[in-house]
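Visitor: This is the structure I have questions about; it appears just below.
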There are 2 protein chains.
Amino acid sequence: MNDTTKARLEEFRSSIDNLDAALVFLLSERFKLTKKVGEFKRDHDLPPADPGREEVQVARLRALAEQSHLDPDFAERLIRFIIEEVIRNHDRIRGA
Amino acid sequence: MNDTTKARLEEFRSSIDNLDAALVFLLSERFKLTKKVGEFKRDHDLPPADPGREEVQVARLRALAEQSHLDPDFAERLIRFIIEEVIRNHDRIRGA
């Protein structure tokens, strides 16, 4: 790889790294909120998972993905991946 | 569930939905960039995956996750999930 090629690749990677940092901070806020929801559900004797809510979330994110030219299937797999982790955390909060 | 409980839960969910929309738009930008990287790699005969780069990304995101109180293991699983998709896209760009 010559120096120009390397410099161009580094430029792309620097922008990707910035977006990834934003992604981590955003997810951190999301998990702070879902932790509160988990505690709230425990205190009000509500079940950790809510399949109806999950399907609404998936449909909404698929539509947003289409609008922003992100692959809707990828968006769906990603939100399900995140929700699985949230449910695991809710079970933990509940002491299951 | 009584009305107060329902309203409180709805309030949490509305904030989660806003963060999820931001997440989709952020990922859309990330995939626009990695698409450019894929085309660039194809045009310069570079391999789609770069294991050295991947380990640097994982280590950096684990550190950012710790700083922001996000589970570093979750951050690692998530970034590997995203990178897998990127490599699949790069292979597709290359016509593999």
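Chain identifiers are assigned as A, B, and so on, following the order in which chains appear in the structure tokens; residues are numbered from 1 within each chain, and ligands are numbered from 1 in order of appearance.
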Identify, with DSSP run on backbone atoms, the residues in chain B assigned to alpha helix (DSSP H), and express the list as a PyMOL selection string.
Guide: chain B and resi 3-43+51-67+72-94
Visitor: Would you write out, as a tab-separated table, a table of all residues in chain A that have an atom no more than 10 Å from an atom of chain B, listing for each the closest atom pair and the distance in Å to one decimal, considering only C-alpha atoms and ordering rows by chain and rising residue number?
Guide:
```
residue	atom	partner	partner_atom	distance
A:Met1	CA	B:Leu46	CA	8.3
A:Thr5	CA	B:His44	CA	7.9
A:Arg8	CA	B:Phe40	CA	9.0
A:Leu9	CA	B:Val37	CA	7.2
A:Phe12	CA	B:Leu33	CA	6.9
A:Arg13	CA	B:Val37	CA	8.5
A:Ser15	CA	B:Leu33	CA	8.0
A:Ile16	CA	B:Arg30	CA	6.2
A:Asp17	CA	B:Gln57	CA	7.7
A:Asn18	CA	B:Arg30	CA	9.6
A:Leu19	CA	B:Arg30	CA	6.6
A:Asp20	CA	B:Leu61	CA	7.5
A:Ala21	CA	B:Leu64	CA	7.0
A:Ala22	CA	B:Leu26	CA	8.2
A:Leu23	CA	B:Leu23	CA	6.9
A:Val24	CA	B:Ala65	CA	6.1
A:Phe25	CA	B:Ser68	CA	6.3
A:Leu26	CA	B:Leu19	CA	6.9
A:Leu27	CA	B:Leu70	CA	7.4
A:Ser28	CA	B:Leu70	CA	5.0
A:Glu29	CA	B:Leu19	CA	8.1
A:Arg30	CA	B:Ile16	CA	6.2
A:Phe31	CA	B:Leu70	CA	7.4
A:Lys32	CA	B:Leu70	CA	8.6
A:Leu33	CA	B:Phe12	CA	6.9
A:Thr34	CA	B:Ile16	CA	7.8
A:Lys36	CA	B:Phe12	CA	8.3
A:Val37	CA	B:Phe12	CA	6.9
A:Phe40	CA	B:Leu9	CA	8.1
A:Lys41	CA	B:Leu9	CA	8.6
A:His44	CA	B:Thr5	CA	7.9
A:Asp45	CA	B:Met1	CA	9.3
A:Leu46	CA	B:Met1	CA	8.3
A:Arg53	CA	B:Arg13	CA	9.4
A:Gln57	CA	B:Asp17	CA	7.7
A:Arg60	CA	B:Ala21	CA	8.9
A:Leu61	CA	B:Ala21	CA	7.0
A:Arg62	CA	B:Val24	CA	9.1
A:Leu64	CA	B:Ala21	CA	7.0
A:Ala65	CA	B:Val24	CA	6.1
A:Glu66	CA	B:Ser28	CA	9.7
A:Gln67	CA	B:Phe25	CA	9.2
A:Ser68	CA	B:Ser28	CA	6.2
A:His69	CA	B:Ser28	CA	6.5
A:Leu70	CA	B:Ser28	CA	5.0
A:Asp71	CA	B:Ser28	CA	8.4
A:Pro72	CA	B:Val24	CA	9.7
A:Phe74	CA	B:Glu85	CA	8.0
A:Ala75	CA	B:Val24	CA	7.1
A:Arg77	CA	B:Phe81	CA	9.7
A:Leu78	CA	B:Phe81	CA	8.3
A:Ile79	CA	B:Asp20	CA	8.4
A:Phe81	CA	B:Leu78	CA	8.3
A:Ile82	CA	B:Leu78	CA	8.4
A:Glu85	CA	B:Phe74	CA	8.0
```
Visitor: In Å to one decimal, how far is CA of Arg80 in chain A from CA of Asp50 in chain A?
Guide: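 Distance reported for this atom pair: 12.5 Å.
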Visitor: Let me make sure I understand: among A:Glu10, A:Asp43, A:Asp3, A:Gly38, which one has the smallest atom-to-atom distance to Asn89 in chain A if we use only C-alpha atoms?
Guide: A:Gly38
Visitor: State, in Å with one decimal place, the distance from CA of Gly52 in chain B to CA of Ile83 in chain B.
Guide: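 We find that CA of Gly52 in chain B and CA of Ile83 in chain B lie 12.8 Å from each other.
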